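Enquirer: For reference, this is input_32.cif, and it has mmCIF, C-alpha atoms and all ligand atoms.
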```
data_my_file
#
loop_
_atom_site.label_atom_id
_atom_site.label_comp_id
_atom_site.auth_asym_id
_atom_site.auth_seq_id
_atom_site.Cartn_x
_atom_site.Cartn_y
_atom_site.Cartn_z
CA MET A 17 -231.00 -91.46 0.89
CA GLN A 18 -229.07 -92.74 -2.13
CA THR A 19 -230.94 -92.52 -5.44
CA TYR A 20 -230.53 -94.88 -8.38
CA LEU A 21 -231.09 -94.90 -12.10
CA ILE A 22 -230.94 -98.34 -13.70
CA ALA A 23 -230.62 -98.90 -17.45
CA ASN A 24 -232.07 -102.33 -18.23
CA TRP A 25 -231.10 -103.14 -21.80
CA LYS A 26 -233.02 -106.44 -21.72
CA ALA A 27 -232.08 -108.59 -24.76
CA HIS A 28 -230.88 -105.64 -26.87
CA LYS A 29 -227.50 -104.61 -28.34
CA THR A 30 -224.40 -106.42 -29.49
CA LYS A 31 -220.79 -105.36 -28.96
CA HIS A 32 -220.63 -102.42 -31.33
CA ALA A 33 -223.79 -100.71 -30.08
CA ALA A 34 -222.86 -101.36 -26.47
CA GLN A 35 -219.42 -99.82 -26.96
CA GLN A 36 -220.91 -96.78 -28.66
CA TRP A 37 -223.48 -96.30 -25.88
CA CYS A 38 -220.87 -96.52 -23.12
CA THR A 39 -218.43 -94.22 -24.91
CA GLU A 40 -221.07 -91.56 -25.52
CA LEU A 41 -222.59 -91.68 -22.06
CA SER A 42 -219.31 -91.70 -20.17
CA ALA A 43 -217.97 -88.78 -22.23
CA ARG A 44 -221.08 -86.82 -21.35
CA TYR A 45 -221.33 -87.90 -17.69
CA PRO A 46 -217.91 -88.99 -16.34
CA ILE A 47 -219.47 -88.51 -12.90
CA PRO A 48 -223.25 -89.03 -13.06
CA PRO A 49 -225.48 -86.99 -10.70
CA VAL A 50 -227.10 -90.13 -9.23
CA ARG A 51 -225.90 -93.74 -8.95
CA VAL A 52 -226.29 -95.08 -12.48
CA ILE A 53 -226.35 -98.85 -12.91
CA VAL A 54 -226.20 -100.42 -16.37
CA ALA A 55 -227.68 -103.89 -16.78
CA PRO A 56 -226.54 -105.31 -20.14
CA PRO A 57 -227.04 -108.86 -21.41
CA PHE A 58 -224.53 -111.26 -19.81
CA PRO A 59 -222.15 -111.50 -22.82
CA LEU A 60 -221.66 -107.71 -22.79
CA LEU A 61 -220.86 -107.34 -19.09
CA SER A 62 -217.07 -107.26 -19.43
CA LEU A 63 -217.12 -104.87 -22.36
CA VAL A 64 -219.46 -102.51 -20.51
CA ARG A 65 -217.35 -102.74 -17.34
CA ALA A 66 -214.17 -102.03 -19.28
CA THR A 67 -215.67 -99.07 -21.16
CA LEU A 68 -217.54 -97.20 -18.42
CA PRO A 69 -215.75 -95.29 -15.64
CA GLN A 70 -215.74 -97.04 -12.24
CA VAL A 71 -218.29 -94.61 -10.78
CA TRP A 72 -220.81 -96.14 -13.16
CA SER A 73 -222.02 -99.46 -11.76
CA ILE A 74 -223.05 -102.58 -13.62
CA ALA A 75 -225.64 -105.26 -12.91
CA GLY A 76 -226.66 -108.65 -14.18
CA GLN A 77 -230.25 -108.86 -15.44
CA ASP A 78 -230.69 -112.21 -13.69
CA VAL A 79 -228.70 -114.78 -11.73
CA SER A 80 -228.97 -118.48 -11.09
CA GLN A 81 -230.61 -119.62 -7.86
CA PHE A 82 -227.90 -122.31 -7.74
CA ALA A 83 -224.27 -121.93 -6.78
CA GLN A 84 -221.70 -123.43 -9.18
CA GLY A 85 -222.35 -126.97 -10.32
CA ALA A 86 -223.97 -129.07 -13.03
CA TYR A 87 -226.55 -126.49 -14.17
CA THR A 88 -226.05 -126.12 -17.92
CA GLY A 89 -226.64 -122.59 -19.11
CA ALA A 90 -226.75 -121.05 -15.64
CA VAL A 91 -224.86 -117.87 -14.75
CA THR A 92 -223.91 -117.79 -11.09
CA ALA A 93 -223.54 -114.89 -8.71
CA ASP A 94 -219.79 -115.57 -8.63
CA HIS A 95 -219.66 -115.17 -12.42
CA LEU A 96 -221.31 -111.76 -12.11
CA VAL A 97 -218.92 -110.65 -9.38
CA ASP A 98 -216.02 -111.85 -11.52
CA MET A 99 -217.28 -109.68 -14.41
CA GLY A 100 -217.30 -106.62 -12.12
CA ALA A 101 -221.00 -106.45 -11.34
CA GLN A 102 -222.07 -105.02 -7.98
CA TYR A 103 -225.82 -105.44 -8.48
CA VAL A 104 -228.21 -107.95 -9.99
CA VAL A 105 -231.83 -107.53 -11.05
CA VAL A 106 -233.96 -110.45 -9.87
CA GLY A 107 -237.57 -111.44 -10.41
CA HIS A 108 -238.32 -109.15 -13.33
CA SER A 109 -241.87 -109.82 -14.55
CA GLU A 110 -240.48 -110.87 -17.95
CA ARG A 111 -238.54 -113.60 -16.14
CA ARG A 112 -241.72 -114.64 -14.32
CA HIS A 113 -243.77 -114.60 -17.51
CA TYR A 114 -241.47 -116.11 -20.14
CA PHE A 115 -239.24 -118.27 -17.90
CA HIS A 116 -241.85 -119.25 -15.31
CA GLU A 117 -239.89 -118.00 -12.31
CA THR A 118 -241.66 -118.25 -8.98
CA SER A 119 -241.32 -116.25 -5.77
CA ALA A 120 -239.36 -119.19 -4.31
CA ASP A 121 -236.94 -119.09 -7.27
CA VAL A 122 -236.52 -115.36 -6.78
CA ALA A 123 -235.82 -115.85 -3.06
CA GLY A 124 -233.10 -118.37 -4.00
CA LYS A 125 -231.57 -115.88 -6.42
CA VAL A 126 -231.57 -113.15 -3.77
CA GLU A 127 -229.84 -115.52 -1.35
CA ARG A 128 -227.12 -116.51 -3.86
CA ALA A 129 -226.62 -112.87 -4.82
CA GLN A 130 -226.20 -111.73 -1.23
CA GLU A 131 -223.83 -114.60 -0.38
CA ALA A 132 -221.61 -113.49 -3.26
CA GLY A 133 -221.69 -109.84 -2.16
CA LEU A 134 -224.04 -108.58 -4.89
CA THR A 135 -226.85 -106.17 -4.08
CA PRO A 136 -230.13 -107.61 -5.38
CA VAL A 137 -232.65 -105.34 -7.08
CA ILE A 138 -235.85 -107.25 -6.39
CA CYS A 139 -238.65 -106.50 -8.84
CA ILE A 140 -242.13 -106.68 -7.42
CA ASP A 141 -245.71 -105.98 -8.42
CA THR A 142 -248.77 -105.75 -6.17
CA PRO A 143 -250.43 -109.09 -7.14
CA TYR A 144 -247.51 -111.04 -5.70
CA LEU A 145 -246.06 -108.51 -3.25
CA ASP A 146 -247.13 -110.47 -0.15
CA GLU A 147 -246.11 -113.81 -1.59
CA GLN A 148 -242.67 -112.51 -2.60
CA LEU A 149 -242.01 -110.82 0.74
CA ALA A 150 -243.08 -114.00 2.56
CA ALA A 151 -240.64 -116.05 0.44
CA LEU A 152 -237.89 -113.60 1.43
CA ALA A 153 -238.84 -113.50 5.11
CA SER A 154 -235.85 -115.46 6.41
CA GLN A 155 -233.32 -113.22 4.65
CA ASP A 156 -231.60 -110.07 5.85
CA LEU A 157 -232.66 -107.55 3.22
CA SER A 158 -230.97 -104.55 4.81
CA LYS A 159 -228.74 -104.23 1.73
CA GLY A 160 -231.45 -105.06 -0.80
CA ILE A 161 -233.17 -102.71 -3.22
CA PHE A 162 -236.76 -103.14 -4.40
CA ALA A 163 -238.27 -101.99 -7.68
CA TYR A 164 -242.02 -101.56 -7.96
CA GLU A 165 -242.74 -102.63 -11.52
CA PRO A 166 -246.46 -102.66 -12.33
CA LEU A 167 -247.01 -105.04 -15.23
CA ALA A 168 -249.47 -102.73 -17.00
CA SER A 169 -246.81 -100.01 -17.19
CA ILE A 170 -243.87 -102.01 -18.53
CA GLY A 171 -243.12 -101.18 -22.15
CA THR A 172 -246.61 -99.81 -22.74
CA GLY A 173 -246.32 -96.04 -22.32
CA ASN A 174 -249.02 -96.27 -19.60
CA ARG A 175 -247.10 -94.89 -16.66
CA THR A 176 -248.36 -95.44 -13.13
CA ASP A 177 -249.11 -92.13 -11.44
CA ALA A 178 -246.73 -90.89 -8.78
CA GLY A 179 -249.38 -91.06 -6.01
CA THR A 180 -249.88 -94.78 -6.57
CA VAL A 181 -246.12 -95.30 -6.66
CA ARG A 182 -245.79 -93.48 -3.33
CA SER A 183 -248.43 -95.69 -1.69
CA VAL A 184 -246.79 -98.92 -2.88
CA VAL A 185 -243.36 -97.66 -1.79
CA ASP A 186 -244.82 -96.97 1.67
CA ALA A 187 -246.42 -100.44 1.78
CA ILE A 188 -243.08 -102.11 0.94
CA ARG A 189 -241.19 -100.01 3.48
CA GLN A 190 -243.70 -100.86 6.20
CA ARG A 191 -242.64 -104.46 5.76
CA THR A 192 -238.93 -104.04 5.10
CA GLY A 193 -237.93 -100.87 6.95
CA ALA A 194 -238.11 -97.13 6.34
CA GLU A 195 -234.61 -97.05 4.87
CA THR A 196 -235.21 -99.61 2.11
CA PRO A 197 -234.53 -98.13 -1.32
CA VAL A 198 -237.59 -98.66 -3.54
CA LEU A 199 -237.45 -97.69 -7.20
CA TYR A 200 -240.20 -97.43 -9.78
CA GLY A 201 -240.07 -98.97 -13.26
CA GLY A 202 -242.56 -98.77 -16.12
CA SER A 203 -242.37 -96.46 -19.17
CA VAL A 204 -240.16 -93.92 -17.39
CA ASP A 205 -238.66 -91.32 -19.74
CA ALA A 206 -237.14 -87.85 -19.56
CA SER A 207 -240.56 -86.22 -19.18
CA SER A 208 -241.50 -88.25 -16.09
CA VAL A 209 -238.30 -89.26 -14.32
CA ALA A 210 -237.97 -86.20 -12.08
CA GLU A 211 -241.45 -86.69 -10.62
CA TYR A 212 -240.72 -90.31 -9.69
CA PHE A 213 -237.53 -89.26 -7.93
CA THR A 214 -239.72 -87.17 -5.57
CA VAL A 215 -241.75 -90.21 -4.42
CA CYS A 216 -239.24 -93.08 -4.51
CA SER A 217 -235.53 -93.85 -4.61
CA GLY A 218 -235.14 -93.74 -8.37
CA ALA A 219 -236.10 -95.51 -11.57
CA LEU A 220 -235.56 -98.71 -13.49
CA VAL A 221 -235.67 -97.81 -17.17
CA GLY A 222 -236.08 -100.14 -20.12
CA GLY A 223 -237.04 -98.59 -23.46
CA ALA A 224 -235.73 -95.09 -22.72
CA SER A 225 -232.33 -96.48 -21.73
CA LEU A 226 -231.56 -97.98 -25.13
CA GLU A 227 -230.58 -94.95 -27.21
CA PRO A 228 -227.63 -92.92 -25.92
CA SER A 229 -229.61 -89.74 -26.68
CA SER A 230 -232.74 -90.73 -24.73
CA PHE A 231 -230.78 -91.95 -21.71
CA SER A 232 -228.61 -88.81 -21.78
CA GLU A 233 -231.74 -86.65 -21.73
CA LEU A 234 -232.99 -88.59 -18.77
CA ILE A 235 -229.78 -88.08 -16.77
CA ALA A 236 -229.74 -84.41 -17.77
CA VAL A 237 -233.09 -83.89 -16.02
CA LEU A 238 -231.61 -85.23 -12.76
CA LYS A 239 -228.60 -82.92 -12.71
P1 LIG B 301 -239.83 -99.89 -19.78
O1 LIG B 301 -239.27 -101.15 -18.98
O2 LIG B 301 -239.10 -98.67 -19.26
O3 LIG B 301 -239.52 -100.18 -21.22
O4 LIG B 301 -241.29 -99.81 -19.50
C1 LIG B 301 -239.12 -101.07 -17.60
C2 LIG B 301 -238.74 -102.40 -17.04
O5 LIG B 301 -239.09 -103.44 -17.61
O6 LIG B 301 -238.09 -102.44 -16.01
#
```
Can the structure from this file be put into structure tokens for me?
Expert:
Amino acid sequence: MQTYLIANWKAHKTKHAAQQWCTELSARYPIPPVRVIVAPPFPLLSLVRATLPQVWSIAGQDVSQFAQGAYTGAVTADHLVDMGAQYVVVGHSERRHYFHETSADVAGKVERAQEAGLTPVICIDTPYLDEQLAALASQDLSKGIFAYEPLASIGTGNRTDAGTVRSVVDAIRQRTGAETPVLYGGSVDASSVAEYFTVCSGALVGGASLEPSSFSELIAVLK
């Protein structure tokens, strides 16, 4: 099964730092050992796409649940495709918390993403797992990726143990199919990434993806 490592920069970096990151990482790993997906802020997507080799993939951190139209400030799935993205992260808990996104919103985003040919990376945590899967029930998720992102582990240093991750991965796959890629995200760093790759399909990394050195160390462990 394909494995994935996603660098979620969140609302960090401007052009210079992004360029430096991409130049350093691509010099070190022209062909990464797993599928590496970089999710920069929207305004940096084209720079990141132009600087990284094509074998590195890029993702939006969010997408509008609306297609093009009178939605001021929205970024559509077609915009992301046009920038060279192949993936989009949807339903991150920070979007739920700060921007009040609901499971129905997330289902709309997944639908727009799939219509445009993007692969959605659907973030999920156990308190709303059932609700989110129910909201997605009418959609063909055979090309979707899930990321188990326990709130208590995001940005806190309190990693969720691999046994718990395995049980949640199994619970998601029972509902979506044995082949569904399910990643883990929450304080993953170079000391823990290899263990998570033994129980799930990879990792979604925030803090440890920001510095070129820390993300390089993380990839080095997976070689
Ligand atoms: P973190 O973020 O690695 O900084 O905990 C993970 C995430 O939010 O996906």
Enquirer: Just how far from atom CA of Arg51 of chain A is atom CA of Asp205 of chain A, in Å to one decimal?
Expert: 16.9 Å
Enquirer: Restricting the calculation to all atoms listed in the file, which member of A:Val181, A:Ala23, A:Leu96, A:Ala236 is positioned closest to ligand LIG 301 (chain B)?
Expert: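 Closest to ligand LIG 301 (chain B), using all atoms listed in the file: A:Ala23.
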Enquirer: Any residue with an atom at most 10 Å from ligand LIG 301 (chain B) counts, using all atoms listed in the file. Which are they? Put them as a PyMOL selection string.
Expert: chain A and resi 22-26+105+108-110+139+163-175+200-205+219-226
Enquirer: Have a look at atom CA of Ala34 of chain A and atom CA of Pro46 of chain A and let me know their distance in Å, one decimal.
Expert: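 Calculated distance between atom CA of Ala34 of chain A and atom CA of Pro46 of chain A is 16.7 Å.
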Enquirer: Expressed in Å to a single decimal, how great is the separation between atom CA of Thr135 of chain A and atom CA of Gly160 of chain A?
Expert: 5.8 Å
Enquirer: Leaving out Val54 of chain A and any residue of its chain fewer than 6 positions from it, which residues lie within 12 Å of it when counting only C-alpha atoms, given as a PDB file with C-alpha atoms, keeping the file's coordinate frame?
Expert:
```pdb
ATOM      1  CA  TYR A  20    -230.530 -94.880  -8.380  1.00  0.00           C
ATOM      2  CA  LEU A  21    -231.090 -94.900 -12.100  1.00  0.00           C
ATOM      3  CA  ILE A  22    -230.940 -98.340 -13.700  1.00  0.00           C
ATOM      4  CA  ALA A  23    -230.620 -98.900 -17.450  1.00  0.00           C
ATOM      5  CA  ASN A  24    -232.070-102.330 -18.230  1.00  0.00           C
ATOM      6  CA  TRP A  25    -231.100-103.140 -21.800  1.00  0.00           C
ATOM      7  CA  LYS A  26    -233.020-106.440 -21.720  1.00  0.00           C
ATOM      8  CA  ALA A  34    -222.860-101.360 -26.470  1.00  0.00           C
ATOM      9  CA  TRP A  37    -223.480 -96.300 -25.880  1.00  0.00           C
ATOM     10  CA  CYS A  38    -220.870 -96.520 -23.120  1.00  0.00           C
ATOM     11  CA  LEU A  41    -222.590 -91.680 -22.060  1.00  0.00           C
ATOM     12  CA  SER A  42    -219.310 -91.700 -20.170  1.00  0.00           C
ATOM     13  CA  LEU A  60    -221.660-107.710 -22.790  1.00  0.00           C
ATOM     14  CA  LEU A  61    -220.860-107.340 -19.090  1.00  0.00           C
ATOM     15  CA  SER A  62    -217.070-107.260 -19.430  1.00  0.00           C
ATOM     16  CA  LEU A  63    -217.120-104.870 -22.360  1.00  0.00           C
ATOM     17  CA  VAL A  64    -219.460-102.510 -20.510  1.00  0.00           C
ATOM     18  CA  ARG A  65    -217.350-102.740 -17.340  1.00  0.00           C
ATOM     19  CA  THR A  67    -215.670 -99.070 -21.160  1.00  0.00           C
ATOM     20  CA  LEU A  68    -217.540 -97.200 -18.420  1.00  0.00           C
ATOM     21  CA  PRO A  69    -215.750 -95.290 -15.640  1.00  0.00           C
ATOM     22  CA  GLN A  70    -215.740 -97.040 -12.240  1.00  0.00           C
ATOM     23  CA  VAL A  71    -218.290 -94.610 -10.780  1.00  0.00           C
ATOM     24  CA  TRP A  72    -220.810 -96.140 -13.160  1.00  0.00           C
ATOM     25  CA  SER A  73    -222.020 -99.460 -11.760  1.00  0.00           C
ATOM     26  CA  ILE A  74    -223.050-102.580 -13.620  1.00  0.00           C
ATOM     27  CA  ALA A  75    -225.640-105.260 -12.910  1.00  0.00           C
ATOM     28  CA  GLY A  76    -226.660-108.650 -14.180  1.00  0.00           C
ATOM     29  CA  GLN A  77    -230.250-108.860 -15.440  1.00  0.00           C
ATOM     30  CA  GLY A 100    -217.300-106.620 -12.120  1.00  0.00           C
ATOM     31  CA  ALA A 101    -221.000-106.450 -11.340  1.00  0.00           C
ATOM     32  CA  GLN A 102    -222.070-105.020  -7.980  1.00  0.00           C
ATOM     33  CA  TYR A 103    -225.820-105.440  -8.480  1.00  0.00           C
ATOM     34  CA  VAL A 104    -228.210-107.950  -9.990  1.00  0.00           C
ATOM     35  CA  VAL A 105    -231.830-107.530 -11.050  1.00  0.00           C
ATOM     36  CA  LEU A 220    -235.560 -98.710 -13.490  1.00  0.00           C
ATOM     37  CA  VAL A 221    -235.670 -97.810 -17.170  1.00  0.00           C
ATOM     38  CA  GLY A 222    -236.080-100.140 -20.120  1.00  0.00           C
ATOM     39  CA  SER A 225    -232.330 -96.480 -21.730  1.00  0.00           C
ATOM     40  CA  LEU A 226    -231.560 -97.980 -25.130  1.00  0.00           C
ATOM     41  CA  PHE A 231    -230.780 -91.950 -21.710  1.00  0.00           C
TER      42      PHE A 231
END
```
Enquirer: Please list as an MDAnalysis selection string every residue within 12 Å of Glu117 of chain A, counting only C-alpha atoms and excluding residues in the same chain fewer than 4 positions away.
Expert: chainID A and resid 78:81 106:113 121:125 148
Enquirer: For Val52 of chain A, which residue out of A:Ala194, A:Ala210, A:His32, A:Gly218 is the nearest one, using only C-alpha atoms?
Expert: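 Answer, going by the shortest atom-to-atom distance: A:Gly218.
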Enquirer: Which is closest to Ile188 of chain A among A:Glu227, A:Glu127, A:Asp141, A:Glu40, if we use only C-alpha atoms?
Expert: A:Asp141
Enquirer: Between A:Val185, A:Val97, A:Ile235, A:Met17, which has the minimum distance to Leu134 of chain A (counting only C-alpha atoms)?
Expert: A:Val97
Enquirer: Considering only C-alpha atoms, state which residue in the set A:Thr19, A:Pro48, A:Phe162, A:His28 is at the smallest distance from Ser232 of chain A.
Expert: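 Among the listed residues, the smallest separation from Ser232 of chain A belongs to A:Pro48.
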Enquirer: Which is closest to Phe82 of chain A among A:Ala55, A:Arg128, A:Gln35, A:Val50, if we use all atoms listed in the file?
Expert: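 Checking each candidate against Phe82 of chain A, we get A:Arg128 as the closest.
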Enquirer: Mind giving me the axis-aligned box for segment 30-48 of chain A with 6 Å on every side, centre plus edges in Å to one decimal, as JSON?
Expert:
```
{"center_x": -221.2, "center_y": -96.6, "center_z": -22.1, "size_x": 18.5, "size_y": 31.6, "size_z": 30.4}
```
Enquirer: How about completing segment 118-140 of chain A with N, CA, C and O atoms and giving it to me as a PDB file, keeping the file's coordinate frame?
Expert:
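Result file part.pdb:
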```
ATOM      1  N   THR A 118    -240.731-118.394 -10.094  1.00  0.00           N
ATOM      2  CA  THR A 118    -241.660-118.250  -8.980  1.00  0.00           C
ATOM      3  C   THR A 118    -241.035-117.377  -7.881  1.00  0.00           C
ATOM      4  O   THR A 118    -239.830-117.091  -7.916  1.00  0.00           O
ATOM      5  N   SER A 119    -241.851-117.031  -6.898  1.00  0.00           N
ATOM      6  CA  SER A 119    -241.320-116.250  -5.770  1.00  0.00           C
ATOM      7  C   SER A 119    -240.256-117.038  -5.019  1.00  0.00           C
ATOM      8  O   SER A 119    -239.303-116.456  -4.489  1.00  0.00           O
ATOM      9  N   ALA A 120    -240.394-118.366  -4.972  1.00  0.00           N
ATOM     10  CA  ALA A 120    -239.360-119.190  -4.310  1.00  0.00           C
ATOM     11  C   ALA A 120    -238.059-119.152  -5.105  1.00  0.00           C
ATOM     12  O   ALA A 120    -236.966-119.045  -4.529  1.00  0.00           O
ATOM     13  N   ASP A 121    -238.150-119.215  -6.431  1.00  0.00           N
ATOM     14  CA  ASP A 121    -236.940-119.090  -7.270  1.00  0.00           C
ATOM     15  C   ASP A 121    -236.252-117.751  -6.988  1.00  0.00           C
ATOM     16  O   ASP A 121    -235.029-117.675  -6.831  1.00  0.00           O
ATOM     17  N   VAL A 122    -237.076-116.703  -6.964  1.00  0.00           N
ATOM     18  CA  VAL A 122    -236.520-115.360  -6.780  1.00  0.00           C
ATOM     19  C   VAL A 122    -235.832-115.263  -5.415  1.00  0.00           C
ATOM     20  O   VAL A 122    -234.739-114.695  -5.290  1.00  0.00           O
ATOM     21  N   ALA A 123    -236.450-115.875  -4.397  1.00  0.00           N
ATOM     22  CA  ALA A 123    -235.820-115.850  -3.060  1.00  0.00           C
ATOM     23  C   ALA A 123    -234.465-116.558  -3.108  1.00  0.00           C
ATOM     24  O   ALA A 123    -233.492-116.100  -2.497  1.00  0.00           O
ATOM     25  N   GLY A 124    -234.379-117.667  -3.856  1.00  0.00           N
ATOM     26  CA  GLY A 124    -233.100-118.370  -4.000  1.00  0.00           C
ATOM     27  C   GLY A 124    -232.060-117.498  -4.693  1.00  0.00           C
ATOM     28  O   GLY A 124    -230.881-117.477  -4.312  1.00  0.00           O
ATOM     29  N   LYS A 125    -232.484-116.760  -5.684  1.00  0.00           N
ATOM     30  CA  LYS A 125    -231.570-115.880  -6.420  1.00  0.00           C
ATOM     31  C   LYS A 125    -231.059-114.759  -5.499  1.00  0.00           C
ATOM     32  O   LYS A 125    -229.879-114.396  -5.539  1.00  0.00           O
ATOM     33  N   VAL A 126    -231.970-114.222  -4.694  1.00  0.00           N
ATOM     34  CA  VAL A 126    -231.570-113.150  -3.770  1.00  0.00           C
ATOM     35  C   VAL A 126    -230.527-113.700  -2.780  1.00  0.00           C
ATOM     36  O   VAL A 126    -229.514-113.051  -2.498  1.00  0.00           O
ATOM     37  N   GLU A 127    -230.766-114.916  -2.318  1.00  0.00           N
ATOM     38  CA  GLU A 127    -229.840-115.520  -1.350  1.00  0.00           C
ATOM     39  C   GLU A 127    -228.455-115.719  -1.970  1.00  0.00           C
ATOM     40  O   GLU A 127    -227.436-115.353  -1.392  1.00  0.00           O
ATOM     41  N   ARG A 128    -228.413-116.294  -3.193  1.00  0.00           N
ATOM     42  CA  ARG A 128    -227.120-116.510  -3.860  1.00  0.00           C
ATOM     43  C   ARG A 128    -226.428-115.170  -4.113  1.00  0.00           C
ATOM     44  O   ARG A 128    -225.229-115.036  -3.940  1.00  0.00           O
ATOM     45  N   ALA A 129    -227.199-114.184  -4.530  1.00  0.00           N
ATOM     46  CA  ALA A 129    -226.620-112.870  -4.820  1.00  0.00           C
ATOM     47  C   ALA A 129    -225.974-112.295  -3.565  1.00  0.00           C
ATOM     48  O   ALA A 129    -224.820-111.845  -3.584  1.00  0.00           O
ATOM     49  N   GLN A 130    -226.717-112.344  -2.460  1.00  0.00           N
ATOM     50  CA  GLN A 130    -226.200-111.730  -1.230  1.00  0.00           C
ATOM     51  C   GLN A 130    -224.981-112.494  -0.705  1.00  0.00           C
ATOM     52  O   GLN A 130    -224.022-111.875  -0.240  1.00  0.00           O
ATOM     53  N   GLU A 131    -225.002-113.817  -0.812  1.00  0.00           N
ATOM     54  CA  GLU A 131    -223.830-114.600  -0.380  1.00  0.00           C
ATOM     55  C   GLU A 131    -222.574-114.185  -1.142  1.00  0.00           C
ATOM     56  O   GLU A 131    -221.485-114.184  -0.604  1.00  0.00           O
ATOM     57  N   ALA A 132    -222.765-113.846  -2.422  1.00  0.00           N
ATOM     58  CA  ALA A 132    -221.610-113.490  -3.260  1.00  0.00           C
ATOM     59  C   ALA A 132    -221.219-112.022  -3.112  1.00  0.00           C
ATOM     60  O   ALA A 132    -220.238-111.576  -3.711  1.00  0.00           O
ATOM     61  N   GLY A 133    -222.011-111.254  -2.361  1.00  0.00           N
ATOM     62  CA  GLY A 133    -221.690-109.840  -2.160  1.00  0.00           C
ATOM     63  C   GLY A 133    -222.349-108.910  -3.164  1.00  0.00           C
ATOM     64  O   GLY A 133    -221.999-107.734  -3.243  1.00  0.00           O
ATOM     65  N   LEU A 134    -223.294-109.430  -3.947  1.00  0.00           N
ATOM     66  CA  LEU A 134    -224.040-108.580  -4.890  1.00  0.00           C
ATOM     67  C   LEU A 134    -225.241-107.970  -4.184  1.00  0.00           C
ATOM     68  O   LEU A 134    -225.848-108.613  -3.320  1.00  0.00           O
ATOM     69  N   THR A 135    -225.606-106.759  -4.582  1.00  0.00           N
ATOM     70  CA  THR A 135    -226.850-106.170  -4.080  1.00  0.00           C
ATOM     71  C   THR A 135    -227.981-106.551  -5.020  1.00  0.00           C
ATOM     72  O   THR A 135    -227.939-106.225  -6.204  1.00  0.00           O
ATOM     73  N   PRO A 136    -229.011-107.252  -4.509  1.00  0.00           N
ATOM     74  CA  PRO A 136    -230.130-107.610  -5.380  1.00  0.00           C
ATOM     75  C   PRO A 136    -231.084-106.444  -5.565  1.00  0.00           C
ATOM     76  O   PRO A 136    -231.345-105.688  -4.629  1.00  0.00           O
ATOM     77  N   VAL A 137    -231.575-106.299  -6.785  1.00  0.00           N
ATOM     78  CA  VAL A 137    -232.650-105.340  -7.080  1.00  0.00           C
ATOM     79  C   VAL A 137    -233.872-106.213  -7.347  1.00  0.00           C
ATOM     80  O   VAL A 137    -233.976-106.871  -8.387  1.00  0.00           O
ATOM     81  N   ILE A 138    -234.758-106.269  -6.367  1.00  0.00           N
ATOM     82  CA  ILE A 138    -235.850-107.250  -6.390  1.00  0.00           C
ATOM     83  C   ILE A 138    -237.096-106.594  -6.995  1.00  0.00           C
ATOM     84  O   ILE A 138    -237.672-105.665  -6.417  1.00  0.00           O
ATOM     85  N   CYS A 139    -237.479-107.069  -8.166  1.00  0.00           N
ATOM     86  CA  CYS A 139    -238.650-106.500  -8.840  1.00  0.00           C
ATOM     87  C   CYS A 139    -239.919-107.109  -8.259  1.00  0.00           C
ATOM     88  O   CYS A 139    -239.985-108.309  -7.981  1.00  0.00           O
ATOM     89  N   ILE A 140    -240.929-106.252  -8.123  1.00  0.00           N
ATOM     90  CA  ILE A 140    -242.130-106.680  -7.420  1.00  0.00           C
ATOM     91  C   ILE A 140    -243.342-105.959  -8.008  1.00  0.00           C
ATOM     92  O   ILE A 140    -243.212-104.845  -8.500  1.00  0.00           O
TER      93      ILE A 140
END
```
